[in-house]
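Have a look at coords37.tsv; it's TSV, C-alpha atoms and all ligand atoms:
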chain	number	residue	atom	x	y	z
E	485	MET	CA	4.10	-5.45	-16.79
E	486	ALA	CA	0.76	-6.40	-15.32
E	487	ASN	CA	1.25	-5.02	-11.84
E	488	GLY	CA	3.36	-1.98	-12.63
E	489	LEU	CA	6.25	-3.26	-10.51
E	490	GLY	CA	9.79	-4.03	-11.42
E	491	ASN	CA	10.90	-1.00	-13.43
E	492	GLY	CA	13.41	-0.13	-10.71
E	493	GLU	CA	12.59	3.57	-11.04
E	494	ARG	CA	10.07	3.95	-8.24
E	495	ALA	CA	11.21	6.10	-5.29
E	496	GLU	CA	8.75	4.46	-2.88
E	497	PRO	CA	7.74	0.83	-3.30
E	498	LEU	CA	3.99	0.19	-3.74
E	499	ALA	CA	4.16	-2.25	-0.83
E	500	ARG	CA	6.61	-4.25	1.20
E	501	GLU	CA	6.69	-8.04	1.16
E	502	GLY	CA	3.60	-9.46	2.82
E	503	GLU	CA	1.93	-6.06	3.18
E	504	HIS	CA	-1.75	-5.76	2.32
E	505	ILE	CA	-2.81	-2.56	0.57
E	506	ALA	CA	-6.54	-2.03	1.05
E	507	PRO	CA	-8.53	-0.53	-1.83
E	508	ALA	CA	-9.04	3.24	-1.50
E	509	VAL	CA	-10.32	5.87	-3.88
E	510	ASP	CA	-7.76	7.34	-6.31
E	511	LYS	CA	-5.03	5.02	-5.04
E	512	GLU	CA	-2.44	4.15	-7.67
E	513	ALA	CA	-2.38	0.48	-6.70
E	514	PHE	CA	-3.96	-1.84	-4.15
E	515	HIS	CA	-4.76	-5.50	-3.60
E	516	CYS	CA	-7.58	-6.10	-6.06
E	517	PRO	CA	-10.71	-7.57	-4.39
E	518	TRP	CA	-11.30	-9.68	-7.52
E	519	CYS	CA	-7.91	-11.29	-8.16
E	520	GLY	CA	-6.10	-10.60	-4.87
E	521	VAL	CA	-3.02	-9.29	-6.67
E	522	LEU	CA	-1.34	-5.97	-5.85
E	523	ALA	CA	-2.09	-4.25	-9.13
E	524	THR	CA	-2.15	-0.71	-10.51
E	525	GLN	CA	-5.58	0.78	-11.16
E	526	GLN	CA	-6.76	2.96	-13.99
E	527	TRP	CA	-9.16	5.59	-12.69
E	528	ARG	CA	-11.82	7.54	-14.49
E	529	GLU	CA	-14.70	9.70	-13.34
E	530	LEU	CA	-18.02	8.79	-14.91
E	531	ASP	CA	-20.09	11.63	-16.32
E	532	LEU	CA	-23.76	12.30	-15.92
E	533	TYR	CA	-23.73	13.94	-19.36
E	534	GLN	CA	-21.57	16.45	-21.20
E	535	GLY	CA	-18.79	16.43	-18.64
E	536	ILE	CA	-20.94	16.81	-15.53
E	537	PRO	CA	-19.48	14.44	-12.93
E	538	ALA	CA	-21.95	11.90	-11.57
E	539	GLY	CA	-20.09	11.36	-8.29
E	540	VAL	CA	-19.23	7.91	-9.53
E	541	LYS	CA	-15.74	6.62	-10.32
E	542	ARG	CA	-14.58	3.45	-11.92
E	543	SER	CA	-11.22	1.78	-11.44
E	544	ASP	CA	-9.95	-0.98	-13.71
E	545	CYS	CA	-7.54	-3.58	-12.39
E	546	SER	CA	-4.48	-3.86	-14.63
E	547	ASN	CA	-4.05	-7.50	-13.67
E	548	CYS	CA	-7.49	-9.16	-14.06
E	549	GLN	CA	-9.16	-6.35	-16.11
E	550	LYS	CA	-12.22	-6.39	-13.84
E	551	TYR	CA	-13.67	-3.09	-12.66
E	552	LEU	CA	-14.71	-1.57	-9.36
E	553	ILE	CA	-17.34	1.13	-8.84
E	554	TRP	CA	-16.97	3.90	-6.27
E	555	VAL	CA	-19.71	6.31	-5.17
E	556	ASP	CA	-19.29	9.71	-3.54
E	557	GLU	CA	-21.39	9.70	-0.41
E	558	ARG	CA	-21.59	13.38	0.35
E	559	ILE	CA	-22.28	13.93	4.02
E	560	GLU	CA	-22.10	17.71	3.79
E	561	THR	CA	-21.71	19.98	0.81
E	562	SER	CA	-17.96	20.20	0.98
E	563	ILE	CA	-17.11	16.80	2.43
E	564	TYR	CA	-16.47	13.96	0.02
E	565	GLN	CA	-16.41	10.36	1.10
E	566	TRP	CA	-15.95	7.73	-1.54
E	567	ARG	CA	-17.06	4.18	-0.93
E	568	MET	CA	-16.49	1.11	-3.04
E	569	VAL	CA	-19.96	-0.25	-3.87
E	570	PHE	CA	-18.99	-2.94	-6.37
E	571	PRO	CA	-17.87	-5.63	-5.83
E	572	ASN	CA	-19.66	-5.80	-2.51
E	573	ILE	CA	-16.75	-6.80	-0.31
E	574	GLY	CA	-14.97	-4.83	2.35
E	575	GLY	CA	-11.51	-5.16	0.93
E	576	GLY	CA	-9.98	-7.00	3.86
E	577	PRO	CA	-6.96	-9.19	3.12
E	578	ARG	CA	-7.69	-12.58	1.55
E	579	PRO	CA	-7.43	-15.62	3.82
E	580	HIS	CA	-4.09	-17.41	4.02
E	581	VAL	CA	-4.04	-20.41	1.64
E	582	ASP	CA	-3.30	-22.79	4.53
E	583	MET	CA	-6.19	-21.59	6.71
E	584	PRO	CA	-8.44	-24.48	7.87
E	585	ALA	CA	-11.66	-24.62	5.80
E	586	ASP	CA	-14.16	-23.95	8.61
E	587	VAL	CA	-12.16	-20.92	9.80
E	588	LYS	CA	-11.89	-19.69	6.23
E	589	ALA	CA	-15.69	-19.82	5.84
E	590	ASP	CA	-16.19	-17.44	8.81
E	591	TYR	CA	-13.32	-15.29	7.65
E	592	ASN	CA	-14.81	-14.85	4.18
E	593	GLU	CA	-18.24	-14.15	5.62
E	594	ALA	CA	-16.69	-11.40	7.76
E	595	ARG	CA	-14.95	-10.00	4.66
E	596	SER	CA	-18.23	-9.87	2.80
E	597	ILE	CA	-19.88	-7.64	5.44
E	598	VAL	CA	-16.99	-5.53	6.73
E	599	ALA	CA	-17.92	-2.47	4.65
E	600	LEU	CA	-21.58	-2.61	5.69
E	601	SER	CA	-21.09	-3.68	9.30
E	602	PRO	CA	-17.59	-3.51	10.78
E	603	ARG	CA	-19.04	-4.53	14.15
E	604	GLY	CA	-20.63	-7.65	12.69
E	605	ALA	CA	-17.36	-8.48	10.94
E	606	CYS	CA	-15.40	-8.10	14.18
E	607	ALA	CA	-17.82	-10.38	16.03
E	608	LEU	CA	-17.46	-13.05	13.31
E	609	ASN	CA	-13.69	-12.62	13.32
E	610	ARG	CA	-13.47	-13.17	17.07
E	611	LEU	CA	-15.36	-16.44	16.64
E	612	ALA	CA	-13.02	-17.38	13.79
E	613	VAL	CA	-9.94	-16.69	15.96
E	614	GLN	CA	-11.37	-19.06	18.59
E	615	LYS	CA	-11.95	-21.76	15.98
E	616	LEU	CA	-8.44	-21.33	14.64
E	617	VAL	CA	-6.83	-21.53	18.07
E	618	ASN	CA	-8.97	-24.56	19.00
E	619	ALA	CA	-7.82	-26.29	15.80
E	620	LEU	CA	-4.19	-25.68	16.78
E	621	VAL	CA	-4.36	-26.43	20.53
E	622	SER	CA	-6.58	-29.27	21.74
E	623	GLY	CA	-8.10	-29.51	25.23
E	624	ASN	CA	-10.59	-27.54	27.29
E	625	SER	CA	-8.43	-24.70	28.57
E	626	ASP	CA	-9.56	-21.15	27.87
E	627	LEU	CA	-8.52	-19.15	24.85
E	628	ASN	CA	-5.98	-17.09	26.78
E	629	THR	CA	-4.17	-20.22	28.00
E	630	LYS	CA	-4.25	-21.78	24.55
E	631	ILE	CA	-2.73	-18.71	22.93
E	632	GLY	CA	-0.10	-18.80	25.70
E	633	LYS	CA	0.69	-22.34	24.54
E	634	LEU	CA	1.10	-21.16	20.95
E	635	VAL	CA	3.53	-18.51	22.20
E	636	GLU	CA	5.48	-21.26	24.04
E	637	GLN	CA	5.62	-23.11	20.72
E	638	GLY	CA	7.16	-20.13	18.99
E	639	LEU	CA	4.36	-17.69	18.09
E	640	ALA	CA	5.54	-14.09	18.59
E	641	PRO	CA	4.35	-12.76	21.99
E	642	THR	CA	3.29	-9.56	20.21
E	643	VAL	CA	0.49	-11.52	18.50
E	644	GLN	CA	-0.91	-12.32	21.94
E	645	GLN	CA	-0.60	-8.64	22.87
E	646	ALA	CA	-2.37	-7.68	19.62
E	647	LEU	CA	-5.22	-10.10	20.40
E	648	ASP	CA	-5.44	-8.52	23.85
E	649	ALA	CA	-5.63	-5.03	22.31
E	650	LEU	CA	-8.25	-6.27	19.82
E	651	ARG	CA	-10.33	-7.51	22.77
E	652	VAL	CA	-10.15	-11.18	21.83
E	653	VAL	CA	-8.38	-12.17	25.06
E	654	GLY	CA	-7.58	-10.49	28.38
E	655	ASN	CA	-9.77	-8.40	30.66
E	656	ASN	CA	-11.40	-6.46	27.85
E	657	ALA	CA	-12.31	-9.54	25.81
E	658	VAL	CA	-15.69	-9.30	24.11
E	659	HIS	CA	-17.87	-12.34	24.73
E	660	PRO	CA	-18.74	-14.40	21.67
E	661	GLY	CA	-21.89	-13.12	20.02
E	662	GLU	CA	-21.66	-9.70	21.67
E	663	LEU	CA	-21.33	-6.60	19.54
E	664	ASP	CA	-18.75	-4.06	20.66
E	665	LEU	CA	-19.63	-0.41	20.04
E	666	GLN	CA	-15.94	0.46	19.66
E	667	ASP	CA	-15.41	-1.91	16.75
E	668	ASP	CA	-14.55	-0.28	13.44
E	669	THR	CA	-13.13	-1.28	10.06
E	670	GLU	CA	-9.54	-0.94	11.28
E	671	THR	CA	-10.21	-3.39	14.10
E	672	ALA	CA	-11.75	-5.85	11.64
E	673	ILE	CA	-8.74	-5.58	9.30
E	674	ALA	CA	-6.30	-6.06	12.21
E	675	LEU	CA	-8.20	-9.21	13.22
E	676	PHE	CA	-7.96	-10.56	9.64
E	677	GLU	CA	-4.22	-9.91	9.68
E	678	CYS	CA	-3.76	-11.58	13.07
E	679	MET	CA	-5.43	-14.75	11.79
E	680	ASN	CA	-3.28	-14.86	8.66
E	681	LEU	CA	-0.20	-14.35	10.81
E	682	ILE	CA	-1.11	-17.22	13.14
E	683	VAL	CA	-1.70	-19.52	10.15
E	684	GLU	CA	1.61	-18.57	8.52
E	685	ASP	CA	3.53	-18.96	11.77
E	686	ARG	CA	1.90	-22.10	13.23
E	687	ILE	CA	0.79	-24.05	10.13
E	688	THR	CA	2.74	-23.01	7.04
E	689	ARG	CA	6.21	-22.46	8.46
E	690	PRO	CA	6.41	-25.67	10.57
E	691	SER	CA	5.31	-27.76	7.57
E	692	ARG	CA	7.94	-26.07	5.38
E	693	ILE	CA	10.62	-26.81	8.00
E	694	THR	CA	9.51	-30.46	8.28
E	695	LYS	CA	9.69	-30.82	4.49
E	696	LEU	CA	13.17	-29.28	4.50
E	697	TYR	CA	14.32	-31.73	7.19
E	698	GLU	CA	12.87	-34.69	5.27
E	699	ARG	CA	14.87	-33.70	2.21
E	700	LEU	CA	18.19	-33.93	4.10
E	701	PRO	CA	20.40	-36.93	3.23
E	702	ASP	CA	20.07	-39.84	5.72
E	703	LYS	CA	23.67	-39.37	6.88
E	704	ALA	CA	22.99	-35.74	7.81
E	705	LYS	CA	19.80	-36.69	9.67
E	706	ALA	CA	21.67	-39.39	11.60
E	707	ALA	CA	24.35	-36.87	12.57
E	708	ILE	CA	21.70	-34.44	13.86
E	709	GLN	CA	20.02	-37.18	15.89
E	710	ARG	CA	23.40	-38.25	17.41
E	711	ARG	CA	24.25	-34.67	18.29
E	712	ASP	CA	20.85	-34.03	19.88
E	713	GLY	CA	20.88	-37.40	21.70
E	714	LEU	CA	17.68	-38.48	19.91
E	715	PRO	CA	16.89	-42.18	19.58
E	716	GLY	CA	17.73	-43.60	16.16
E	717	GLN	CA	20.86	-44.61	14.33
E	718	SER	CA	23.99	-44.66	16.51
E	801	ZN	ZN	-7.68	-7.76	-10.28

Take the structure in the file and write it out as structure tokens.
Ligand SMILES: [Zn+2]
Amino acid sequence: MANGLGNGERAEPLAREGEHIAPAVDKEAFHCPWCGVLATQQWRELDLYQGIPAGVKRSDCSNCQKYLIWVDERIETSIYQWRMVFPNIGGGPRPHVDMPADVKADYNEARSIVALSPRGACALNRLAVQKLVNALVSGNSDLNTKIGKLVEQGLAPTVQQALDALRVVGNNAVHPGELDLQDDTETAIALFECMNLIVEDRITRPSRITKLYERLPDKAKAAIQRRDGLPGQS
């Protein structure tokens, strides 16, 4: 079992459907930055020599067999803070497969710097949200209005509220190119998740529904059109 799931014995699931588990030191399983799969990790502490810990840990992904290196950045004698130093990515969720290519480029750039500069990642993410929304709603209206349109089309209003809280829209919105001193890794991760949610809700799901409708027999489609008073077969 590559990912350690499915034995039916676990009291707590590793993750719920759609949930992203960020890499963290000593965690039993997380979404691997190499392969993107939720996979169990095998941990070992590397020695300096003869059993003296070097403050370096290695975790091996059970799915792709690649390894990650973690370093103990000791701020004070008794405080330990482990940071993933290899591979050099922040561990944010991977972009949705249906994300438009130009948005995905910004998204991945933000992922690559989130560990080193959460503020820089947030600034890039806010630009990427604008690009994404502009790709979905044409015209010159402002971002707030455009997101309102997406909500009218079926996007959950809570996404708009989340974007307000993340200072993408609303009175606290951060202007493009500005760095916000409040921005941290959690904010960057929430912005990644918002973008994936918008893509799933406004790109992936409608295209799945259209495909489902197209697969219906002609007679069933005609009956729907008659019932809804749509032009077509009568
Ligand atoms: Zn992996």

- Message: Need to verify the contact set: Ala657 of chain E, 10 Å, only C-alpha atoms, exclusion of same-chain residues closer than 4 positions in sequence. Can you return it as a ChimeraX atom specification?
- Response: /E:610,628,647-653,664

- Excluding same-chain residues fewer than 3 positions from Asp556 of chain E, what lies within 9 Å of it counting all atoms listed in the file, as a ChimeraX atom specification? /E:538-541,564-567

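In this structure, atom CA of Ala589 of chain E sits 10.2 Å away from atom CA of Leu608 of chain E.
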
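Atom CA of Leu611 of chain E to atom CA of Pro690 of chain E spans 24.4 Å [interatomic distance, one decimal].
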
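Straight-line separation from atom CA of Gly576 of chain E to atom CA of Val521 of chain E: 12.8 Å.
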
Distance filter 6 Å around ligand ZN 801 (chain E), atoms: all atoms listed in the file, out as a tab-separated table (two decimals) with C-alpha atoms, in the coordinates of the input:
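pocket-v3.tsv written:
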chain	number	residue	atom	x	y	z
E	516	CYS	CA	-7.58	-6.10	-6.06
E	518	TRP	CA	-11.30	-9.68	-7.52
E	519	CYS	CA	-7.91	-11.29	-8.16
E	545	CYS	CA	-7.54	-3.58	-12.39
E	547	ASN	CA	-4.05	-7.50	-13.67
E	548	CYS	CA	-7.49	-9.16	-14.06
E	550	LYS	CA	-12.22	-6.39	-13.84

- Query: Of the residues E:Leu700, E:Ala499, E:Val509, E:Met583, which is the one nearest to Leu681 of chain E, using all atoms listed in the file?
  - Reply: E:Met583

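Residues lying within 9 Å of segment 617-621 of chain E, counting all atoms listed in the file and ignoring same-chain neighbours fewer than 3 positions away, are Pro584, Ala612, Val613, Gln614, Asn624, Leu627, Lys630, Ile631, Lys633, Leu634, Ile682, Arg686 and Ile687 of chain E.
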
Atoms kept (C-alpha atoms) for selection, written as a PDB file, in the coordinates of the input:
ATOM      1  CA  PRO E 584      -8.440 -24.480   7.870  1.00  0.00           C
ATOM      2  CA  ALA E 612     -13.020 -17.380  13.790  1.00  0.00           C
ATOM      3  CA  VAL E 613      -9.940 -16.690  15.960  1.00  0.00           C
ATOM      4  CA  GLN E 614     -11.370 -19.060  18.590  1.00  0.00           C
ATOM      5  CA  ASN E 624     -10.590 -27.540  27.290  1.00  0.00           C
ATOM      6  CA  LEU E 627      -8.520 -19.150  24.850  1.00  0.00           C
ATOM      7  CA  LYS E 630      -4.250 -21.780  24.550  1.00  0.00           C
ATOM      8  CA  ILE E 631      -2.730 -18.710  22.930  1.00  0.00           C
ATOM      9  CA  LYS E 633       0.690 -22.340  24.540  1.00  0.00           C
ATOM     10  CA  LEU E 634       1.100 -21.160  20.950  1.00  0.00           C
ATOM     11  CA  ILE E 682      -1.110 -17.220  13.140  1.00  0.00           C
ATOM     12  CA  ARG E 686       1.900 -22.100  13.230  1.00  0.00           C
ATOM     13  CA  ILE E 687       0.790 -24.050  10.130  1.00  0.00           C
TER      14      ILE E 687
END

Considering all atoms listed in the file, return as a PDB file with C-alpha atoms, in the frame of the given file whatever protein or nucleic-acid residues lie within 8 Å of Asn680 of chain E, sequence-local ones (same chain, fewer than 4 positions apart) excluded.
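Done, and the output landed in part.pdb:
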ATOM      1  CA  PRO E 579      -7.430 -15.620   3.820  1.00  0.00           C
ATOM      2  CA  HIS E 580      -4.090 -17.410   4.020  1.00  0.00           C
ATOM      3  CA  MET E 583      -6.190 -21.590   6.710  1.00  0.00           C
ATOM      4  CA  PHE E 676      -7.960 -10.560   9.640  1.00  0.00           C
ATOM      5  CA  GLU E 684       1.610 -18.570   8.520  1.00  0.00           C
TER       6      GLU E 684
END

Hey, could you patch up segment 595-610 of chain E with N, CA and C atoms and hand it over as a compact mmCIF listing (two decimals), in the frame of the given file?
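Below you can see part05.txt, which holds the result:
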# COMPACT_ATOMS: atom_id res chain seq x y z
N ARG E 595 -15.43 -10.88 5.74
CA ARG E 595 -14.95 -10.00 4.66
C ARG E 595 -16.11 -9.44 3.85
N SER E 596 -17.13 -10.28 3.66
CA SER E 596 -18.23 -9.87 2.80
C SER E 596 -19.08 -8.78 3.45
N ILE E 597 -19.01 -8.64 4.78
CA ILE E 597 -19.88 -7.64 5.44
C ILE E 597 -19.11 -6.48 6.05
N VAL E 598 -17.76 -6.51 5.96
CA VAL E 598 -16.99 -5.53 6.73
C VAL E 598 -17.30 -4.09 6.35
N ALA E 599 -17.62 -3.85 5.07
CA ALA E 599 -17.92 -2.47 4.65
C ALA E 599 -19.28 -2.02 5.19
N LEU E 600 -20.23 -2.95 5.25
CA LEU E 600 -21.58 -2.61 5.69
C LEU E 600 -21.70 -2.62 7.21
N SER E 601 -21.00 -3.56 7.85
CA SER E 601 -21.09 -3.68 9.30
C SER E 601 -19.76 -4.12 9.89
N PRO E 602 -18.88 -3.16 10.16
CA PRO E 602 -17.59 -3.51 10.78
C PRO E 602 -17.78 -4.25 12.10
N ARG E 603 -18.81 -3.87 12.86
CA ARG E 603 -19.04 -4.53 14.15
C ARG E 603 -19.40 -6.00 13.97
N GLY E 604 -20.27 -6.27 12.98
CA GLY E 604 -20.63 -7.65 12.69
C GLY E 604 -19.41 -8.45 12.24
N ALA E 605 -18.56 -7.80 11.43
CA ALA E 605 -17.36 -8.48 10.94
C ALA E 605 -16.41 -8.80 12.09
N CYS E 606 -16.28 -7.86 13.03
CA CYS E 606 -15.40 -8.10 14.18
C CYS E 606 -15.92 -9.26 15.03
N ALA E 607 -17.25 -9.30 15.22
CA ALA E 607 -17.82 -10.38 16.03
C ALA E 607 -17.56 -11.74 15.37
N LEU E 608 -17.74 -11.81 14.04
CA LEU E 608 -17.46 -13.05 13.31
C LEU E 608 -15.97 -13.40 13.39
N ASN E 609 -15.14 -12.39 13.27
CA ASN E 609 -13.69 -12.62 13.32
C ASN E 609 -13.25 -13.17 14.67
N ARG E 610 -13.86 -12.68 15.74
CA ARG E 610 -13.47 -13.17 17.07
C ARG E 610 -13.84 -14.64 17.21
